[in-house]
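Containing TSV, C-alpha atoms and all ligand atoms: entry_31.tsv.
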```tsv
chain	number	residue	atom	x	y	z
A	1	MET	CA	23.57	-8.52	8.95
A	2	GLY	CA	19.87	-8.92	8.22
A	3	ILE	CA	17.91	-11.27	5.99
A	4	SER	CA	19.04	-11.62	2.39
A	5	LEU	CA	16.05	-11.32	0.04
A	6	ALA	CA	17.75	-11.30	-3.35
A	7	SER	CA	20.08	-13.84	-4.95
A	8	LYS	CA	23.44	-12.82	-6.43
A	9	SER	CA	22.17	-13.50	-9.95
A	10	ARG	CA	19.13	-11.26	-9.45
A	11	LEU	CA	21.41	-8.40	-8.42
A	12	ALA	CA	24.09	-9.00	-11.08
A	13	SER	CA	22.59	-6.27	-13.31
A	14	ILE	CA	23.29	-3.54	-10.74
A	15	GLU	CA	26.58	-4.89	-9.45
A	16	GLY	CA	29.11	-2.07	-9.11
A	17	ARG	CA	26.92	0.61	-10.72
A	18	VAL	CA	24.49	3.32	-9.70
A	19	PRO	CA	20.99	1.78	-9.84
A	20	THR	CA	18.30	3.44	-11.94
A	21	VAL	CA	15.06	4.09	-10.07
A	22	THR	CA	12.40	2.70	-12.41
A	23	THR	CA	8.64	2.68	-12.15
A	24	LEU	CA	5.47	2.80	-14.21
A	25	CYS	CA	4.42	6.39	-14.97
A	26	SER	CA	1.26	6.56	-12.87
A	27	HIS	CA	0.06	6.63	-9.23
A	28	SER	CA	3.00	8.05	-7.21
A	29	SER	CA	5.64	8.11	-9.96
A	30	LEU	CA	6.16	11.90	-9.82
A	31	GLN	CA	7.06	11.57	-6.15
A	32	ILE	CA	9.30	8.54	-6.76
A	33	PHE	CA	11.25	10.28	-9.58
A	34	HIS	CA	11.45	13.49	-7.54
A	35	GLY	CA	12.88	11.52	-4.61
A	36	ALA	CA	15.42	9.78	-6.84
A	37	ARG	CA	16.59	13.10	-8.27
A	38	ALA	CA	16.88	14.65	-4.80
A	39	GLU	CA	19.13	11.78	-3.74
A	40	GLY	CA	21.21	11.82	-6.92
A	41	LEU	CA	19.90	8.62	-8.50
A	42	PRO	CA	19.03	8.32	-12.22
A	43	SER	CA	15.43	7.48	-13.10
A	44	LEU	CA	13.53	5.72	-15.85
A	45	GLY	CA	9.79	6.07	-16.46
A	46	LEU	CA	7.92	3.16	-18.02
A	47	THR	CA	4.99	4.24	-20.16
A	48	VAL	CA	2.23	2.49	-22.01
A	49	GLY	CA	2.25	4.24	-25.36
A	50	PRO	CA	4.05	7.56	-25.71
A	51	PRO	CA	4.96	9.43	-22.49
A	52	GLN	CA	2.23	11.76	-21.19
A	53	ARG	CA	3.05	15.40	-21.87
A	54	PHE	CA	2.33	16.50	-18.31
A	55	TYR	CA	5.68	15.15	-17.11
A	56	GLU	CA	7.27	18.09	-18.97
A	57	ALA	CA	5.34	20.41	-16.66
A	58	PHE	CA	7.20	19.13	-13.59
A	59	PRO	CA	10.94	19.50	-14.21
A	60	LEU	CA	11.93	18.23	-10.76
A	61	ALA	CA	9.81	15.11	-11.09
A	62	ARG	CA	10.25	14.21	-14.74
A	63	PRO	CA	12.19	10.94	-15.08
A	64	ASP	CA	15.57	11.25	-16.79
A	65	ARG	CA	14.42	8.90	-19.53
A	66	PHE	CA	11.34	7.05	-20.69
A	67	LEU	CA	10.88	3.52	-21.98
A	68	SER	CA	7.58	2.82	-23.73
A	69	VAL	CA	5.75	-0.42	-24.37
A	70	PRO	CA	2.53	-0.80	-26.39
A	71	ARG	CA	0.61	-2.51	-23.53
A	72	VAL	CA	1.32	-3.10	-19.83
A	73	LYS	CA	1.45	-6.83	-20.42
A	74	ASP	CA	4.39	-6.26	-22.78
A	75	LEU	CA	6.60	-5.22	-19.85
A	76	PRO	CA	8.02	-8.74	-19.39
A	77	THR	CA	9.40	-8.47	-22.95
A	78	VAL	CA	11.68	-5.55	-21.97
A	79	VAL	CA	13.25	-7.26	-18.95
A	80	ASP	CA	16.66	-7.55	-20.67
A	81	ARG	CA	16.57	-3.85	-21.47
A	82	LEU	CA	15.70	-3.04	-17.86
A	83	ARG	CA	18.58	-5.15	-16.61
A	84	SER	CA	20.95	-3.42	-19.02
A	85	GLU	CA	19.71	-0.04	-17.68
A	86	GLY	CA	20.56	-1.14	-14.12
A	87	SER	CA	16.91	-0.73	-13.13
A	88	VAL	CA	15.51	-1.20	-9.66
A	89	LEU	CA	11.72	-1.45	-9.96
A	90	ILE	CA	9.65	0.47	-7.43
A	91	PRO	CA	6.25	-1.20	-7.02
A	92	HIS	CA	3.20	1.02	-6.57
A	93	GLY	CA	-0.53	0.30	-6.61
A	94	SER	CA	-1.08	0.79	-10.34
A	95	PHE	CA	2.14	-0.95	-11.40
A	96	VAL	CA	1.27	-4.16	-9.52
A	97	GLU	CA	-2.45	-3.96	-10.28
A	98	TYR	CA	-2.17	-3.36	-14.06
A	99	LEU	CA	0.49	-6.00	-14.58
A	100	GLY	CA	-1.01	-8.44	-12.06
A	101	PRO	CA	0.76	-9.52	-8.85
A	102	GLU	CA	1.91	-12.85	-10.35
A	103	ALA	CA	3.42	-11.33	-13.50
A	104	PHE	CA	5.03	-8.59	-11.41
A	105	ALA	CA	6.54	-11.10	-8.99
A	106	GLU	CA	8.06	-13.02	-11.93
A	107	LEU	CA	9.96	-10.08	-13.47
A	108	ASP	CA	13.66	-10.93	-13.38
A	109	VAL	CA	14.71	-7.38	-12.47
A	110	PRO	CA	15.64	-6.23	-8.93
A	111	VAL	CA	12.55	-4.98	-7.09
A	112	PHE	CA	12.63	-2.61	-4.13
A	113	GLY	CA	11.24	-4.48	-1.11
A	114	ASN	CA	10.36	-8.13	-0.69
A	115	ARG	CA	8.36	-9.36	-3.69
A	116	ALA	CA	7.12	-12.32	-1.61
A	117	VAL	CA	4.78	-9.89	0.15
A	118	LEU	CA	2.64	-9.56	-2.99
A	119	GLY	CA	1.28	-13.08	-2.58
A	120	TRP	CA	0.24	-12.31	1.00
A	121	GLU	CA	-1.36	-8.99	0.23
A	122	SER	CA	-3.32	-9.88	-2.90
A	123	ASP	CA	-5.25	-12.69	-1.19
A	124	ARG	CA	-7.65	-11.34	1.48
A	125	ARG	CA	-7.64	-14.60	3.45
A	126	LYS	CA	-3.85	-14.83	3.54
A	127	GLU	CA	-3.59	-11.18	4.50
A	128	ARG	CA	-5.99	-11.81	7.38
A	129	GLU	CA	-4.02	-14.85	8.49
A	130	TRP	CA	-0.88	-12.68	8.61
A	131	LEU	CA	-2.49	-9.81	10.51
A	132	GLU	CA	-4.51	-11.93	12.94
A	133	SER	CA	-1.54	-14.12	13.80
A	134	ALA	CA	0.37	-10.88	14.47
A	135	GLY	CA	-2.24	-9.95	17.08
A	136	VAL	CA	-3.56	-7.00	15.06
A	137	PRO	CA	-7.18	-6.10	15.93
A	138	MET	CA	-9.40	-6.44	12.87
A	139	PRO	CA	-13.14	-6.13	12.19
A	140	THR	CA	-14.98	-9.37	13.06
A	141	ARG	CA	-15.33	-11.68	10.08
A	142	TYR	CA	-18.47	-13.79	9.72
A	143	GLU	CA	-18.21	-17.24	8.19
A	144	ASN	CA	-21.86	-17.21	7.12
A	145	GLU	CA	-24.96	-14.99	7.03
A	146	GLU	CA	-26.54	-16.60	10.14
A	147	GLU	CA	-23.74	-15.33	12.38
A	148	VAL	CA	-24.32	-11.69	11.44
A	149	ASP	CA	-25.32	-9.66	14.51
A	150	GLY	CA	-24.87	-6.05	13.39
A	151	PRO	CA	-24.03	-3.87	10.40
A	152	VAL	CA	-21.74	-5.51	7.85
A	153	ILE	CA	-19.71	-4.76	4.76
A	154	VAL	CA	-19.43	-7.46	2.12
A	155	LYS	CA	-16.25	-7.34	0.04
A	156	TYR	CA	-15.34	-9.24	-3.06
A	157	TYR	CA	-11.85	-10.67	-3.32
A	158	GLY	CA	-9.45	-8.22	-4.86
A	159	ALA	CA	-12.24	-5.67	-5.41
A	160	LYS	CA	-10.74	-2.92	-7.51
A	161	GLY	CA	-11.15	0.49	-5.93
A	162	GLY	CA	-13.91	-0.62	-3.56
A	163	LYS	CA	-16.44	-1.20	-6.34
A	164	GLY	CA	-19.17	-3.76	-5.79
A	165	PHE	CA	-18.99	-3.69	-1.99
A	166	PHE	CA	-22.33	-4.21	-0.26
A	167	LEU	CA	-23.38	-2.64	3.03
A	168	ALA	CA	-26.14	-4.12	5.19
A	169	LYS	CA	-27.50	-2.62	8.41
A	170	ASN	CA	-28.35	-6.06	9.76
A	171	ARG	CA	-28.84	-9.73	8.85
A	172	GLU	CA	-32.27	-8.97	7.37
A	173	ALA	CA	-30.83	-6.44	4.93
A	174	LEU	CA	-28.18	-8.93	3.84
A	175	LYS	CA	-30.90	-10.87	1.98
A	176	ASP	CA	-30.62	-8.28	-0.79
A	177	PHE	CA	-27.04	-9.33	-1.44
A	178	HIS	CA	-26.69	-11.58	-4.47
A	179	PRO	CA	-23.03	-12.59	-4.82
A	180	THR	CA	-21.34	-12.67	-8.20
A	181	GLY	CA	-18.01	-14.05	-6.96
A	182	PRO	CA	-16.07	-15.06	-3.83
A	183	TYR	CA	-16.57	-12.59	-0.97
A	184	VAL	CA	-16.02	-12.00	2.75
A	185	ILE	CA	-18.50	-10.57	5.27
A	186	GLN	CA	-16.99	-8.16	7.80
A	187	ARG	CA	-18.40	-6.20	10.68
A	188	TYR	CA	-18.99	-2.62	9.54
A	189	VAL	CA	-16.88	-0.58	11.96
A	190	LEU	CA	-18.19	2.87	12.86
A	191	GLY	CA	-15.45	5.39	13.50
A	192	THR	CA	-12.84	7.50	11.76
A	193	ARG	CA	-10.61	6.13	9.06
A	194	TYR	CA	-6.84	6.61	9.10
A	195	TYR	CA	-4.37	5.51	6.44
A	196	MET	CA	-0.95	5.51	8.06
A	197	HIS	CA	2.16	5.65	5.88
A	198	PHE	CA	4.97	3.68	7.47
A	199	PHE	CA	8.44	2.74	6.27
A	200	TYR	CA	10.41	-0.21	7.55
A	201	SER	CA	14.18	-0.04	7.16
A	202	PRO	CA	16.05	-3.28	7.89
A	203	LEU	CA	19.29	-1.25	7.59
A	204	SER	CA	18.67	1.38	10.23
A	205	ASP	CA	20.05	0.84	13.72
A	206	ARG	CA	18.45	3.84	15.40
A	207	GLY	CA	14.97	5.20	16.07
A	208	TYR	CA	11.98	2.93	16.82
A	209	ARG	CA	13.64	-0.48	16.64
A	210	VAL	CA	11.77	-3.45	15.17
A	211	GLY	CA	13.48	-6.68	14.10
A	212	HIS	CA	17.05	-5.77	13.08
A	213	GLY	CA	15.92	-2.40	11.73
A	214	SER	CA	13.58	0.44	12.50
A	215	LEU	CA	10.09	1.67	11.84
A	216	GLU	CA	9.30	5.20	10.67
A	217	LEU	CA	5.98	7.03	10.35
A	218	LEU	CA	6.16	9.29	7.29
A	219	GLY	CA	2.61	10.58	6.96
A	220	MET	CA	-1.10	9.96	7.28
A	221	ASP	CA	-4.13	10.61	5.12
A	222	ARG	CA	-7.78	9.85	4.70
A	223	ARG	CA	-9.20	8.84	1.36
A	224	ASP	CA	-12.11	10.62	-0.23
A	225	GLU	CA	-14.36	7.86	-1.44
A	226	ALA	CA	-17.11	8.41	-4.00
A	227	ASN	CA	-20.04	8.15	-3.97
A	228	ILE	CA	-20.20	7.51	-0.27
A	229	ASP	CA	-18.52	9.07	2.74
A	230	GLU	CA	-18.55	9.01	6.51
A	231	LEU	CA	-21.81	9.42	8.39
A	232	TYR	CA	-24.21	8.79	5.54
A	233	LYS	CA	-22.65	5.43	4.75
A	234	LEU	CA	-25.21	3.24	6.45
A	235	GLY	CA	-28.23	5.53	6.77
A	236	ALA	CA	-28.31	6.89	3.27
A	237	GLN	CA	-27.86	3.50	1.67
A	238	GLU	CA	-31.53	2.64	1.36
A	239	GLU	CA	-32.41	6.06	0.01
A	240	LEU	CA	-29.60	5.81	-2.51
A	241	LEU	CA	-30.72	2.36	-3.56
A	242	LYS	CA	-34.27	3.64	-4.09
A	243	ALA	CA	-32.78	6.16	-6.47
A	244	GLY	CA	-30.89	3.35	-8.22
A	245	ILE	CA	-27.49	4.43	-6.88
A	246	ARG	CA	-25.20	1.71	-5.56
A	247	PRO	CA	-22.74	3.02	-3.00
A	248	THR	CA	-19.12	2.50	-3.92
A	249	PHE	CA	-15.82	3.25	-2.25
A	250	VAL	CA	-14.01	4.43	-5.36
A	251	VAL	CA	-11.14	6.63	-4.23
A	252	THR	CA	-11.26	10.10	-5.76
A	253	GLY	CA	-8.67	11.94	-3.68
A	254	ASN	CA	-6.88	12.20	-0.34
A	255	VAL	CA	-6.82	14.62	2.55
A	256	PRO	CA	-4.02	14.97	5.12
A	257	VAL	CA	-4.79	13.97	8.70
A	258	ILE	CA	-2.93	13.59	11.95
A	259	LEU	CA	-3.69	11.35	14.88
A	260	ARG	CA	-4.14	12.43	18.48
A	261	GLU	CA	-0.65	12.21	19.88
A	262	SER	CA	-1.83	9.91	22.65
A	263	LEU	CA	-2.90	7.38	20.00
A	264	LEU	CA	0.51	7.17	18.34
A	265	PRO	CA	1.76	4.34	20.61
A	266	ARG	CA	-1.12	2.18	19.32
A	267	ALA	CA	-0.32	3.02	15.71
A	268	PHE	CA	3.34	2.08	16.15
A	269	ASP	CA	2.46	-1.07	18.09
A	270	VAL	CA	0.19	-2.31	15.30
A	271	ALA	CA	2.74	-1.54	12.57
A	272	ALA	CA	5.55	-3.19	14.55
A	273	ARG	CA	3.51	-6.37	15.00
A	274	ILE	CA	2.82	-6.49	11.26
A	275	ILE	CA	6.56	-6.21	10.52
A	276	GLU	CA	7.63	-8.74	13.15
A	277	ARG	CA	5.17	-11.32	11.84
A	278	SER	CA	6.18	-10.64	8.23
A	279	ILE	CA	9.78	-11.46	9.17
A	280	GLU	CA	8.65	-14.83	10.57
A	281	LEU	CA	6.32	-15.62	7.68
A	282	PHE	CA	8.28	-14.59	4.60
A	283	GLY	CA	11.51	-12.82	5.46
A	284	GLY	CA	9.98	-9.43	6.17
A	285	MET	CA	8.24	-6.54	4.49
A	286	VAL	CA	10.74	-3.84	3.54
A	287	GLY	CA	10.17	-0.18	2.67
A	288	PRO	CA	6.86	1.67	2.51
A	289	PHE	CA	3.55	0.18	3.62
A	290	CYS	CA	0.22	1.57	4.73
A	291	VAL	CA	-1.86	0.47	7.71
A	292	GLU	CA	-5.51	1.23	6.98
A	293	GLY	CA	-8.00	1.20	9.79
A	294	ILE	CA	-10.79	2.75	11.77
A	295	MET	CA	-10.50	4.36	15.19
A	296	THR	CA	-13.74	3.79	17.11
A	297	GLU	CA	-15.28	6.04	19.74
A	298	ASP	CA	-13.76	3.72	22.37
A	299	LEU	CA	-10.37	4.50	20.79
A	300	GLU	CA	-9.97	0.98	19.52
A	301	PHE	CA	-8.10	0.75	16.22
A	302	LYS	CA	-9.44	-1.89	13.83
A	303	VAL	CA	-7.32	-2.62	10.77
A	304	PHE	CA	-9.35	-3.49	7.66
A	305	GLU	CA	-6.47	-3.58	5.17
A	306	ILE	CA	-2.77	-3.07	4.62
A	307	SER	CA	-1.06	-1.97	1.43
A	308	THR	CA	2.42	-3.39	1.20
A	309	ARG	CA	4.02	-0.66	-0.92
A	310	ILE	CA	3.90	3.09	-1.47
A	311	VAL	CA	0.30	4.35	-1.45
A	312	ALA	CA	-1.02	7.33	-3.41
A	313	GLY	CA	-1.89	9.18	-0.19
A	314	THR	CA	1.84	9.84	0.26
A	315	ASN	CA	1.62	12.24	-2.72
A	316	LEU	CA	0.26	14.80	-0.25
A	317	PHE	CA	3.66	14.94	1.38
A	318	ILE	CA	6.20	15.43	-1.41
A	319	SER	CA	7.76	18.23	0.61
A	320	GLY	CA	7.34	16.50	3.96
A	321	SER	CA	4.56	15.78	6.44
A	322	PRO	CA	3.94	16.68	10.10
A	323	TYR	CA	5.55	13.31	10.89
A	324	SER	CA	8.39	13.03	8.38
A	325	ASP	CA	9.51	16.58	9.17
A	326	LEU	CA	10.42	15.25	12.60
A	327	ILE	CA	12.81	12.76	10.98
A	328	ALA	CA	14.33	14.98	8.28
A	329	PRO	CA	12.91	18.19	6.80
A	330	GLY	CA	11.13	17.77	3.47
A	331	LEU	CA	11.27	13.96	3.51
A	332	SER	CA	8.79	12.21	1.20
A	333	THR	CA	8.26	8.46	0.95
A	334	GLY	CA	9.71	8.59	-2.59
A	335	ARG	CA	12.83	10.27	-1.30
A	336	ARG	CA	13.05	7.81	1.60
A	337	ILE	CA	13.10	4.94	-0.91
A	338	ALA	CA	16.02	6.54	-2.78
A	339	GLN	CA	17.89	7.11	0.51
A	340	GLU	CA	17.49	3.46	1.43
A	341	ILE	CA	18.86	2.34	-1.94
A	342	ASN	CA	21.86	4.65	-1.56
A	343	ARG	CA	22.58	3.50	1.95
A	344	ALA	CA	22.33	-0.18	1.04
A	345	ARG	CA	24.65	0.39	-1.91
A	346	HIS	CA	27.27	2.11	0.18
A	347	GLU	CA	27.08	-0.54	2.90
A	348	GLY	CA	27.04	-3.44	0.43
A	349	ARG	CA	23.62	-4.55	1.70
A	350	LEU	CA	21.43	-4.32	-1.43
A	351	ALA	CA	20.36	-7.96	-1.01
A	352	GLU	CA	18.57	-6.97	2.21
A	353	ILE	CA	16.28	-4.39	0.59
A	354	LEU	CA	15.87	-5.71	-2.96
A	355	SER	CA	14.38	-8.98	-4.16
B	401	LIG	P1	-10.69	-2.14	1.38
B	401	LIG	O1	-10.89	-2.64	-0.04
B	401	LIG	O2	-10.68	-3.24	2.39
B	401	LIG	O3	-9.49	-1.23	1.47
B	401	LIG	O4	-11.93	-1.21	1.72
B	401	LIG	C1	-12.30	-0.07	0.94
B	401	LIG	C2	-13.03	0.91	1.80
B	401	LIG	O5	-14.17	0.31	2.43
B	401	LIG	C3	-12.20	1.47	2.95
B	401	LIG	O6	-11.39	2.53	2.56
B	401	LIG	C4	-13.25	1.89	3.97
B	401	LIG	O7	-13.81	3.14	3.68
B	401	LIG	C5	-14.34	0.84	3.76
B	401	LIG	N1	-14.26	-0.28	4.72
B	401	LIG	C6	-13.56	-1.42	4.53
B	401	LIG	N2	-13.72	-2.27	5.56
B	401	LIG	C7	-14.55	-1.65	6.43
B	401	LIG	C8	-15.12	-2.02	7.70
B	401	LIG	N3	-14.89	-3.22	8.25
B	401	LIG	N4	-15.94	-1.14	8.30
B	401	LIG	C9	-16.21	0.07	7.74
B	401	LIG	N5	-15.73	0.46	6.55
B	401	LIG	C10	-14.89	-0.37	5.89
```
Reformat the file's structure so that it appears as structure tokens.
Ligand code: AMP
Amino acid sequence: MGISLASKSRLASIEGRVPTVTTLCSHSSLQIFHGARAEGLPSLGLTVGPPQRFYEAFPLARPDRFLSVPRVKDLPTVVDRLRSEGSVLIPHGSFVEYLGPEAFAELDVPVFGNRAVLGWESDRRKEREWLESAGVPMPTRYENEEEVDGPVIVKYYGAKGGKGFFLAKNREALKDFHPTGPYVIQRYVLGTRYYMHFFYSPLSDRGYRVGHGSLELLGMDRRDEANIDELYKLGAQEELLKAGIRPTFVVTGNVPVILRESLLPRAFDVAARIIERSIELFGGMVGPFCVEGIMTEDLEFKVFEISTRIVAGTNLFISGSPYSDLIAPGLSTGRRIAQEINRARHEGRLAEILS
């Protein structure tokens, strides 16, 4: 038996019944509902205002039912209704972001995964403490401007969609940075970005074993980021600034990528360390997460961020990826979530994957 994340009272609403996969209609919800349907679980879509019509266009991904609230912040007022529906909430980027990590963590409805992870992910310093103490290589962080000895990226805490980041080629150029809030200065790493979609199952006893469970790689993508991308990032900055354009890293889309096979051991090693440390720190991260980093020309992998839930890049792989097809044909992250819920239910182990 693994670590119990949820109390009996938290799980009372789904005791002895088929749980309803519930999420906010946005981000990766089509994939999540599609996965639930494929695994025979009912689904409920939460909407702000009336449901968007486009769900009708996707019969295999439309949730069975909708529940609407006037504003996102009204969601806590429908907690009793969600419990009576037997809901299990699936966190995704927009769900947690729009509601706020604190309000999300307080919802008294079973949540897929360990809700304690939200506090570690939403604070850049805590996240770094977790990753560094796990032995994960990260871009150098500078405590102050004087230490800067190369190109840097300056990030605000909790910057939404990479807006307001500042790039400087050197210490000199950093003088043009005028902070408007708390920030961190990181070494700007030159290389190729990879966003690796992992899944940690504390229930599985086969495959790539980590902790009591196993680690799976379900896909990989790279984000298209407007209005900046790849090689021009540092060089074009000054020209862009002259034209009054501030570079941003606002995500506009995703492209599928794969990693050189010889680099896969490194990818798994990094993800396994992150899981092992999460078990020590807060009982473990369960389910989907994304390791986001840069592979340098020396084939060093520097992790600049992790997302501790399903990421939108997984939407590329609703019918499987070059990695998930090697586990089960046509396996998406959304479907993997539904499988894990079903397995836990049948084995009486829901407390290990819900919180
Ligand atoms: P983050 O908010 O940390 O996910 O960063 C947003 C984007 O900024 C990433 O997707 C990368 O394109 C870029 N980025 C973040 N950190 C670094 C870094 N240390 N070096 C180079 N690019 C970075």
Proximity to A:Phe317 - best of A:His178, A:Arg223, A:Arg128, A:His197, all atoms listed in the file: A:His197
Could you name the residues that touch A:Glu216 at 10 Å or less, counting only C-alpha atoms, but leaving out those on the same chain fewer than 3 positions away, as a list in words?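 So, after excluding close chain neighbours, the residues are His197, Phe198, Phe199, Tyr200, Ser201, Gly207, Tyr208, Arg209, Gly219, Phe268, Ala271, Ala272, Gly287, Pro288, Tyr323, Ser324 and Ile327 of chain A.
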Which neighbours of A:Ser94 fall inside 9 Å, counting only C-alpha atoms, when residues of the same chain fewer than 6 positions from it are skipped, and could you give them as a ChimeraX atom specification? /A:24,26-28
Counting only C-alpha atoms, which residues come within 6 Å of (-14.4, 5.5, -1.2), with the point read in the file's coordinates, and could you list them as a ChimeraX atom specification? /A:224-226,249-251
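Minimum atom-to-atom distance to A:Glu347, evaluated using all atoms listed in the file, belongs to A:Ser204 out of A:Val117, A:Ser319, A:Phe104, A:Ser204.
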Smallest atom-to-atom distance to ligand LIG 401 (chain B): which of A:Tyr98, A:Tyr142, A:Phe58, A:Phe112, using all atoms listed in the file? A:Tyr142
Contact check, chain A to ligand LIG 401 (chain B), at most 6 Å, counting only C-alpha atoms and all ligand atoms, closest pairs as JSON lines:
```
{"residue": "A:Pro139", "atom": "CA", "partner": "B:LIG401", "partner_atom": "N3", "distance": 5.2}
{"residue": "A:Gly162", "atom": "CA", "partner": "B:LIG401", "partner_atom": "C1", "distance": 4.8}
{"residue": "A:Gln186", "atom": "CA", "partner": "B:LIG401", "partner_atom": "N3", "distance": 5.4}
{"residue": "A:Arg187", "atom": "CA", "partner": "B:LIG401", "partner_atom": "N3", "distance": 5.2}
{"residue": "A:Tyr188", "atom": "CA", "partner": "B:LIG401", "partner_atom": "N4", "distance": 3.6}
{"residue": "A:Val189", "atom": "CA", "partner": "B:LIG401", "partner_atom": "N4", "distance": 3.8}
{"residue": "A:Phe249", "atom": "CA", "partner": "B:LIG401", "partner_atom": "C2", "distance": 5.4}
{"residue": "A:Phe304", "atom": "CA", "partner": "B:LIG401", "partner_atom": "N2", "distance": 5.0}
{"residue": "A:Glu305", "atom": "CA", "partner": "B:LIG401", "partner_atom": "O2", "distance": 5.1}
```
Using the selection just defined, write its residues with C-alpha atoms as an mmCIF file, keeping the file's coordinate frame.
```cif
data_model
loop_
_atom_site.group_PDB
_atom_site.id
_atom_site.type_symbol
_atom_site.label_atom_id
_atom_site.label_comp_id
_atom_site.auth_asym_id
_atom_site.auth_seq_id
_atom_site.Cartn_x
_atom_site.Cartn_y
_atom_site.Cartn_z
ATOM 1 C CA PRO A 139 -13.140 -6.130 12.190
ATOM 2 C CA GLY A 162 -13.910 -0.620 -3.560
ATOM 3 C CA GLN A 186 -16.990 -8.160 7.800
ATOM 4 C CA ARG A 187 -18.400 -6.200 10.680
ATOM 5 C CA TYR A 188 -18.990 -2.620 9.540
ATOM 6 C CA VAL A 189 -16.880 -0.580 11.960
ATOM 7 C CA PHE A 249 -15.820 3.250 -2.250
ATOM 8 C CA PHE A 304 -9.350 -3.490 7.660
ATOM 9 C CA GLU A 305 -6.470 -3.580 5.170
#
```
Record the distance separating atom CA of A:Ile294 and atom CA of A:Tyr195, expressed in Å with one decimal.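 We find that atom CA of A:Ile294 and atom CA of A:Tyr195 lie 8.8 Å from each other.
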Protein and nucleic acid residues near (29.1, -1.3, -8.5) (cut-off 12 Å, all atoms listed in the file) as a list in words: Leu11, Ala12, Ser13, Ile14, Glu15, Gly16, Arg17, Val18, Pro19, Gly86, Asn342, Ala344, Arg345, His346, Glu347, Gly348 and Leu350 of chain A
Write out as a ChimeraX atom specification each polymer residue whose atoms come within 12 Å of stretch 74-77 of chain A, counting all atoms listed in the file; drop sequence neighbours fewer than 2 positions from it. /A:23-24,46-49,67-72,79-83,89,95-96,98-100,102-109
Would you compute the distance between atom CA of A:Ile245 and atom CA of A:Phe166? Give it in Å to one decimal.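 According to the coordinates, atom CA of A:Ile245 and atom CA of A:Phe166 are separated by 12.0 Å.
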